[in-house]
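*Asks:* Got a structure here, written out as structure tokens. Questions coming.
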There are 2 protein chains.
Amino acid sequence: MEQKIHPQYEARANIIKAIGHPTRLFILEELHRQERCVNELTDMIGSDVSTVSKHLSVLKNAGLVHDEKRGASIYYKLCCPCVLDFIGCIETVLKTNVEKQMNIAQCCGITIAKPEH
Amino acid sequence: MEQKIHPQYEARANIIKAIGHPTRLFILEELHRQERCVNELTDMIGSDVSTVSKHLSVLKNAGLVHDEKRGASIYYKLCCPCVLDFIGCIETVLKTNVEKQMNIAQCCGITIAKPEH
DNA sequence: TGTATATTTGGCAATATAGCCAAATATACA
DNA sequence: TGTATATTTGGCTATATTGCCAAATATACA
């Protein structure tokens with residue numbers, strides 16, 4: 001690893017990396033709405049329960065979620081709801097990217113059909 | 001990939017993934033302060049110029065930075081300064097994680113020396 | 001205790017990412 | 001045009017990540 005990059009950047013990057021996965025983003029948003037057990041999340045996501053469990057483990061190791069055993073299930077909840085505050089900014093970036101693509105297409109004389117739904 | 005996860009999560013995750021790397025976090029913060037050319041960033045980072053160039057390419061593809069050729073150099077600047085707004089939240093997560101570790105250590109009777117500097 | 005349910009862990013294969021070197025490309029300027 | 005400087009690209013290896021299956025573990029409850 002690069003010598004001049006402070007370890008603090010590594011620590012920050014590890015947390016951001018944990019957030020940067022489609023399934024884990026979904027989980028974080030769902031846990032932002034309400035706490036959920038592994039089973040419930042697995043039903044919503046539609047992949048193997050072991051895969052979901054591992055995603056939750058990544059989020060837990062990053063300190064983003066907290067788990068609590070109740071009955072036969074383990075309920076996960078969000079530790080720092082602020083981690084989702086910047087989704088709005090990410091959406092802005094995405095929107096700007098699409099606009100850029102549209103401009104390029106327009107300059108090339110390409111017409112883009114609007115999606116049906 | 002999981003069927004039930006909306007493509008929107010994929011798009012968001014791609015941008016967050018681009019942010020989640022120590023060197024790229026450093027670059028984003030530096031470009032937040034002022035625009036920089038590849039050469040300057042390479043000197044600050046201390047790795048091969050091709051590596052830095054590729055990091056910049058990742059950030060550019062994600063729509064996070066913009067480049068502008070001036071003279072012999074290419075200057076990069078931040079597109080959406082908001083992407084760094086959540087660093088404060090990440091720091092909170094990190095701080096909480098350390099505190100949790102400290103508590104565990106204390107419960108085990110482990111004394112932790114404060115760092116010298 | 002035995003069985004069903006919930007969750008995690010180990011192991012594996014496929015894929016993605018990172019970083020270096022060498023080479024290609026582009027620009028400035030003598 | 002030739003040379004120095006700036007940047008990107010191709011190619012390669014090492015490492016990390018992902019997601020599945022099977023098995024292990026934990027809990028509830030008859």
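Residue names in the structure tokens use chain letters A, B, ... in the order shown, residue numbers from 1 in each chain, and ligand numbers from 1 in the order shown.
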Determine, counting only C-alpha atoms (C1' of nucleotides), which protein, DNA and RNA residues have an atom within 7 Å of an atom of Glu35 in chain A; residues of the same chain fewer than 5 positions away are not included. Present the result as a PyMOL selection string.

*Replies:* chain A and resi 75-77

*Asks:* At a cut-off of 12 Å, which residues of chain D touch chain A? Count only C-alpha atoms (C1' of nucleotides) and give the answer as a PDB file with N, CA and C atoms (P, O5', C5', C4', C3', O3' and C1' of nucleotides), in the first residue's frame.

*Replies:*
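Saved to iface06.pdb:
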```
ATOM      1  P    DA D  16      -5.594  -9.702   0.568  1.00  0.00           P
ATOM      2  O5'  DA D  16      -6.987  -9.297  -0.079  1.00  0.00           O
ATOM      3  C5'  DA D  16      -7.077  -8.128  -0.889  1.00  0.00           C
ATOM      4  C4'  DA D  16      -8.518  -7.900  -1.276  1.00  0.00           C
ATOM      5  C3'  DA D  16      -9.535  -8.318  -0.214  1.00  0.00           C
ATOM      6  O3'  DA D  16     -10.545  -7.319  -0.194  1.00  0.00           O
ATOM      7  C1'  DA D  16      -9.888  -9.541  -2.225  1.00  0.00           C
ATOM      8  P    DT D  17     -11.863  -7.512   0.715  1.00  0.00           P
ATOM      9  O5'  DT D  17     -12.916  -8.046  -0.351  1.00  0.00           O
ATOM     10  C5'  DT D  17     -13.065  -7.347  -1.575  1.00  0.00           C
ATOM     11  C4'  DT D  17     -14.188  -7.960  -2.376  1.00  0.00           C
ATOM     12  C3'  DT D  17     -15.431  -8.324  -1.561  1.00  0.00           C
ATOM     13  O3'  DT D  17     -16.541  -7.751  -2.233  1.00  0.00           O
ATOM     14  C1'  DT D  17     -14.704 -10.168  -2.867  1.00  0.00           C
ATOM     15  P    DT D  18     -18.027  -7.795  -1.593  1.00  0.00           P
ATOM     16  O5'  DT D  18     -18.671  -9.030  -2.353  1.00  0.00           O
ATOM     17  C5'  DT D  18     -18.616  -9.048  -3.775  1.00  0.00           C
ATOM     18  C4'  DT D  18     -19.199 -10.326  -4.312  1.00  0.00           C
ATOM     19  C3'  DT D  18     -20.443 -10.837  -3.563  1.00  0.00           C
ATOM     20  O3'  DT D  18     -21.497 -10.940  -4.498  1.00  0.00           O
ATOM     21  C1'  DT D  18     -18.857 -12.577  -3.924  1.00  0.00           C
ATOM     22  P    DG D  19     -23.015 -11.108  -4.033  1.00  0.00           P
ATOM     23  O5'  DG D  19     -23.270 -12.657  -4.262  1.00  0.00           O
ATOM     24  C5'  DG D  19     -22.971 -13.259  -5.514  1.00  0.00           C
ATOM     25  C4'  DG D  19     -23.067 -14.753  -5.373  1.00  0.00           C
ATOM     26  C3'  DG D  19     -24.194 -15.221  -4.422  1.00  0.00           C
ATOM     27  O3'  DG D  19     -24.908 -16.290  -5.016  1.00  0.00           O
ATOM     28  C1'  DG D  19     -22.145 -16.153  -3.767  1.00  0.00           C
ATOM     29  P    DC D  20     -26.373 -16.725  -4.497  1.00  0.00           P
ATOM     30  O5'  DC D  20     -26.241 -18.310  -4.409  1.00  0.00           O
ATOM     31  C5'  DC D  20     -25.828 -19.050  -5.559  1.00  0.00           C
ATOM     32  C4'  DC D  20     -24.967 -20.228  -5.148  1.00  0.00           C
ATOM     33  C3'  DC D  20     -25.631 -21.180  -4.176  1.00  0.00           C
ATOM     34  O3'  DC D  20     -26.178 -22.287  -4.898  1.00  0.00           O
ATOM     35  C1'  DC D  20     -23.332 -20.751  -3.603  1.00  0.00           C
ATOM     36  P    DC D  21     -27.268 -23.253  -4.182  1.00  0.00           P
ATOM     37  O5'  DC D  21     -26.328 -24.338  -3.473  1.00  0.00           O
ATOM     38  C5'  DC D  21     -25.334 -24.999  -4.239  1.00  0.00           C
ATOM     39  C4'  DC D  21     -24.466 -25.840  -3.307  1.00  0.00           C
ATOM     40  C3'  DC D  21     -25.265 -26.679  -2.315  1.00  0.00           C
ATOM     41  O3'  DC D  21     -24.847 -28.032  -2.407  1.00  0.00           O
ATOM     42  C1'  DC D  21     -23.606 -25.400  -1.192  1.00  0.00           C
ATOM     43  P    DA D  22     -25.663 -29.163  -1.576  1.00  0.00           P
ATOM     44  O5'  DA D  22     -24.713 -29.397  -0.308  1.00  0.00           O
ATOM     45  C5'  DA D  22     -23.319 -29.498  -0.513  1.00  0.00           C
ATOM     46  C4'  DA D  22     -22.623 -29.602   0.826  1.00  0.00           C
ATOM     47  C3'  DA D  22     -23.363 -30.445   1.866  1.00  0.00           C
ATOM     48  O3'  DA D  22     -22.423 -31.245   2.568  1.00  0.00           O
ATOM     49  C1'  DA D  22     -23.015 -28.264   2.710  1.00  0.00           C
ATOM     50  P    DA D  23     -22.933 -32.271   3.749  1.00  0.00           P
ATOM     51  O5'  DA D  23     -22.435 -31.549   5.072  1.00  0.00           O
ATOM     52  C5'  DA D  23     -21.095 -31.041   5.115  1.00  0.00           C
ATOM     53  C4'  DA D  23     -20.921 -30.201   6.355  1.00  0.00           C
ATOM     54  C3'  DA D  23     -21.483 -30.835   7.629  1.00  0.00           C
ATOM     55  O3'  DA D  23     -20.497 -30.770   8.640  1.00  0.00           O
ATOM     56  C1'  DA D  23     -22.286 -28.623   7.377  1.00  0.00           C
ATOM     57  P    DA D  26     -23.120 -23.293  19.716  1.00  0.00           P
ATOM     58  O5'  DA D  26     -24.563 -22.631  19.627  1.00  0.00           O
ATOM     59  C5'  DA D  26     -24.747 -21.439  18.877  1.00  0.00           C
ATOM     60  C4'  DA D  26     -26.215 -21.094  18.871  1.00  0.00           C
ATOM     61  C3'  DA D  26     -26.918 -21.393  20.200  1.00  0.00           C
ATOM     62  O3'  DA D  26     -27.716 -20.280  20.527  1.00  0.00           O
ATOM     63  C1'  DA D  26     -28.078 -22.413  18.431  1.00  0.00           C
ATOM     64  P    DT D  27     -28.304 -20.131  22.039  1.00  0.00           P
ATOM     65  O5'  DT D  27     -29.876 -20.193  21.799  1.00  0.00           O
ATOM     66  C5'  DT D  27     -30.454 -19.406  20.771  1.00  0.00           C
ATOM     67  C4'  DT D  27     -31.792 -19.985  20.402  1.00  0.00           C
ATOM     68  C3'  DT D  27     -32.681 -20.339  21.607  1.00  0.00           C
ATOM     69  O3'  DT D  27     -33.779 -19.437  21.602  1.00  0.00           O
ATOM     70  C1'  DT D  27     -32.749 -21.996  19.909  1.00  0.00           C
ATOM     71  P    DA D  28     -34.949 -19.531  22.700  1.00  0.00           P
ATOM     72  O5'  DA D  28     -36.058 -20.393  21.951  1.00  0.00           O
ATOM     73  C5'  DA D  28     -36.565 -19.939  20.692  1.00  0.00           C
ATOM     74  C4'  DA D  28     -37.697 -20.851  20.259  1.00  0.00           C
ATOM     75  C3'  DA D  28     -38.700 -21.170  21.372  1.00  0.00           C
ATOM     76  O3'  DA D  28     -40.009 -21.136  20.817  1.00  0.00           O
ATOM     77  C1'  DA D  28     -37.760 -23.173  20.545  1.00  0.00           C
ATOM     78  P    DC D  29     -41.320 -21.161  21.765  1.00  0.00           P
ATOM     79  O5'  DC D  29     -42.160 -22.391  21.186  1.00  0.00           O
ATOM     80  C5'  DC D  29     -41.656 -23.165  20.092  1.00  0.00           C
ATOM     81  C4'  DC D  29     -41.984 -24.629  20.302  1.00  0.00           C
ATOM     82  C3'  DC D  29     -42.830 -24.949  21.549  1.00  0.00           C
ATOM     83  O3'  DC D  29     -43.692 -26.034  21.227  1.00  0.00           O
ATOM     84  C1'  DC D  29     -40.918 -26.220  21.618  1.00  0.00           C
TER      85       DC D  29
END
```

*Asks:* Residues of chain A within 8 Å of chain B, counting only C-alpha atoms, what are they? List them as a PyMOL selection string.

*Replies:* chain A and resi 2-5+9-17+19-23+25-26+44-47+63-64+80+82-83+85-87+89-91+93-94+96-97

*Asks:* Please produce a file of those selected residues containing C-alpha atoms, as a compact mmCIF listing (two decimals), in the first residue's frame.

*Replies:*
```txt
# COMPACT_ATOMS: atom_id res chain seq x y z
CA GLU A 2 1.09 3.56 -0.62
CA GLN A 3 3.33 4.98 2.08
CA LYS A 4 2.04 8.53 2.11
CA ILE A 5 -1.63 7.71 2.61
CA TYR A 9 -7.92 6.87 5.08
CA GLU A 10 -7.70 3.10 5.20
CA ALA A 11 -10.08 2.96 8.16
CA ARG A 12 -12.56 5.26 6.47
CA ALA A 13 -12.33 3.36 3.18
CA ASN A 14 -13.10 0.07 4.95
CA ILE A 15 -16.39 1.45 6.21
CA ILE A 16 -17.31 2.97 2.87
CA LYS A 17 -16.43 -0.31 1.13
CA ILE A 19 -21.60 0.33 2.32
CA GLY A 20 -20.73 0.07 -1.37
CA HIS A 21 -22.57 -3.10 -2.37
CA PRO A 22 -26.07 -3.25 -3.88
CA THR A 23 -27.40 -5.82 -1.42
CA LEU A 25 -27.19 -0.75 0.48
CA PHE A 26 -30.62 -2.35 0.33
CA MET A 44 -36.78 -9.64 0.50
CA ILE A 45 -33.41 -10.09 -1.19
CA GLY A 46 -33.92 -13.52 -2.74
CA SER A 47 -30.43 -14.92 -2.45
CA GLY A 63 -19.80 -1.09 12.99
CA LEU A 64 -22.76 -0.07 10.83
CA CYS A 80 -25.70 5.27 12.62
CA CYS A 82 -26.47 9.18 9.19
CA VAL A 83 -24.73 6.74 6.83
CA ASP A 85 -27.79 10.81 4.52
CA PHE A 86 -25.54 11.05 1.51
CA ILE A 87 -27.67 8.86 -0.75
CA CYS A 89 -25.77 13.24 -3.11
CA ILE A 90 -25.12 9.91 -4.83
CA GLU A 91 -28.42 10.32 -6.67
CA VAL A 93 -24.10 12.27 -9.20
CA LEU A 94 -26.10 9.57 -11.02
CA THR A 96 -25.67 14.30 -13.67
CA ASN A 97 -24.04 11.26 -15.30
```

*Asks:* May I have all residues of range 38-111 of chain A that DSSP, computed from the backbone, assigns to strand (DSSP E), given as a list of chain:residue names?

*Replies:*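 Assigned to strand (DSSP E), within range 38-111 of chain A: A:Val65, A:His66, A:Asp67, A:Glu68, A:Lys69, A:Arg70, A:Ser73, A:Ile74, A:Tyr75, A:Tyr76, A:Lys77, A:Leu78.
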
*Asks:* If you keep N, CA, C and O atoms, can you produce a file of those selected residues as an mmCIF file, in the first residue's frame?

*Replies:*
```cif
data_model
loop_
_atom_site.group_PDB
_atom_site.id
_atom_site.type_symbol
_atom_site.label_atom_id
_atom_site.label_comp_id
_atom_site.auth_asym_id
_atom_site.auth_seq_id
_atom_site.Cartn_x
_atom_site.Cartn_y
_atom_site.Cartn_z
ATOM 1 N N VAL A 65 -24.125 -1.866 11.746
ATOM 2 C CA VAL A 65 -25.361 -2.424 12.289
ATOM 3 C C VAL A 65 -25.071 -3.121 13.612
ATOM 4 O O VAL A 65 -23.931 -3.434 13.941
ATOM 5 N N HIS A 66 -26.129 -3.351 14.325
ATOM 6 C CA HIS A 66 -26.062 -3.949 15.643
ATOM 7 C C HIS A 66 -27.050 -5.104 15.656
ATOM 8 O O HIS A 66 -28.100 -5.005 15.026
ATOM 9 N N ASP A 67 -26.709 -6.210 16.310
ATOM 10 C CA ASP A 67 -27.655 -7.327 16.331
ATOM 11 C C ASP A 67 -28.086 -7.652 17.756
ATOM 12 O O ASP A 67 -27.352 -7.432 18.712
ATOM 13 N N GLU A 68 -29.291 -8.169 17.842
ATOM 14 C CA GLU A 68 -29.877 -8.453 19.150
ATOM 15 C C GLU A 68 -30.701 -9.726 19.041
ATOM 16 O O GLU A 68 -31.602 -9.821 18.208
ATOM 17 N N LYS A 69 -30.369 -10.703 19.842
ATOM 18 C CA LYS A 69 -31.065 -11.986 19.805
ATOM 19 C C LYS A 69 -32.395 -11.861 20.555
ATOM 20 O O LYS A 69 -32.430 -11.413 21.694
ATOM 21 N N ARG A 70 -33.461 -12.256 19.881
ATOM 22 C CA ARG A 70 -34.779 -12.260 20.533
ATOM 23 C C ARG A 70 -35.508 -13.505 20.069
ATOM 24 O O ARG A 70 -35.830 -13.629 18.894
ATOM 25 N N SER A 73 -34.770 -15.774 16.697
ATOM 26 C CA SER A 73 -34.216 -14.933 15.626
ATOM 27 C C SER A 73 -33.221 -13.903 16.138
ATOM 28 O O SER A 73 -33.186 -13.596 17.330
ATOM 29 N N ILE A 74 -32.436 -13.403 15.210
ATOM 30 C CA ILE A 74 -31.499 -12.337 15.540
ATOM 31 C C ILE A 74 -31.907 -11.104 14.749
ATOM 32 O O ILE A 74 -31.949 -11.137 13.520
ATOM 33 N N TYR A 75 -32.225 -10.060 15.457
ATOM 34 C CA TYR A 75 -32.695 -8.836 14.807
ATOM 35 C C TYR A 75 -31.556 -7.860 14.637
ATOM 36 O O TYR A 75 -30.783 -7.614 15.548
ATOM 37 N N TYR A 76 -31.475 -7.341 13.413
ATOM 38 C CA TYR A 76 -30.448 -6.362 13.097
ATOM 39 C C TYR A 76 -31.065 -4.984 13.006
ATOM 40 O O TYR A 76 -32.179 -4.817 12.512
ATOM 41 N N LYS A 77 -30.315 -3.993 13.491
ATOM 42 C CA LYS A 77 -30.761 -2.611 13.310
ATOM 43 C C LYS A 77 -29.574 -1.711 12.977
ATOM 44 O O LYS A 77 -28.418 -2.079 13.226
ATOM 45 N N LEU A 78 -29.888 -0.555 12.437
ATOM 46 C CA LEU A 78 -28.858 0.385 11.998
ATOM 47 C C LEU A 78 -28.236 1.082 13.198
ATOM 48 O O LEU A 78 -28.936 1.520 14.102
#
```

*Asks:* According to DSSP computed on the backbone, where in chain A is there alpha helix (DSSP H)? Give the residues as a PyMOL selection string.

*Replies:* chain A and resi 7-19+22-33+38-45+49-61+87-107

*Asks:* Under the rule of at most 9 Å, produce a per-residue listing of chain C near chain B: chain, number, name, the closest pair of atoms, and the distance in Å, as JSON lines, using only C-alpha atoms (C1' of nucleotides).

*Replies:*
```
{"residue": "C:DA18", "atom": "C1'", "partner": "B:Thr51", "partner_atom": "CA", "distance": 8.3}
{"residue": "C:DG19", "atom": "C1'", "partner": "B:Thr51", "partner_atom": "CA", "distance": 6.2}
{"residue": "C:DC20", "atom": "C1'", "partner": "B:Asp48", "partner_atom": "CA", "distance": 7.3}
{"residue": "C:DA26", "atom": "C1'", "partner": "B:Ala72", "partner_atom": "CA", "distance": 8.4}
{"residue": "C:DT27", "atom": "C1'", "partner": "B:Ala72", "partner_atom": "CA", "distance": 5.2}
{"residue": "C:DA28", "atom": "C1'", "partner": "B:Ala72", "partner_atom": "CA", "distance": 6.5}
```

*Asks:* Grab the CA of Leu56 in chain A to C1' of DT5 in chain C distance for me, in Å with one decimal place.

*Replies:*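 Straight-line distance from CA of Leu56 in chain A to C1' of DT5 in chain C works out to 19.4 Å.
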
*Asks:* Extract, using only C-alpha atoms (C1' of nucleotides), all DNA, RNA and protein residues at most 8 Å from Ser53 in chain B, discarding same-chain residues fewer than 5 positions from it, and format them as number ranges by chain.

*Replies:* B: 38; D: 7-8

*Asks:* Take C1' of DA13 in chain C and C1' of DG11 in chain D and report the distance between them in Å, one decimal.

*Replies:* 23.7 Å

*Asks:* Excluding same-chain residues fewer than 5 positions from Thr111 in chain A, what lies within 12 Å of it counting only C-alpha atoms (C1' of nucleotides), as a list in words?

*Replies:* Gln101, Met102, Asn103, Ile104, Ala105 and Gln106 of chain A
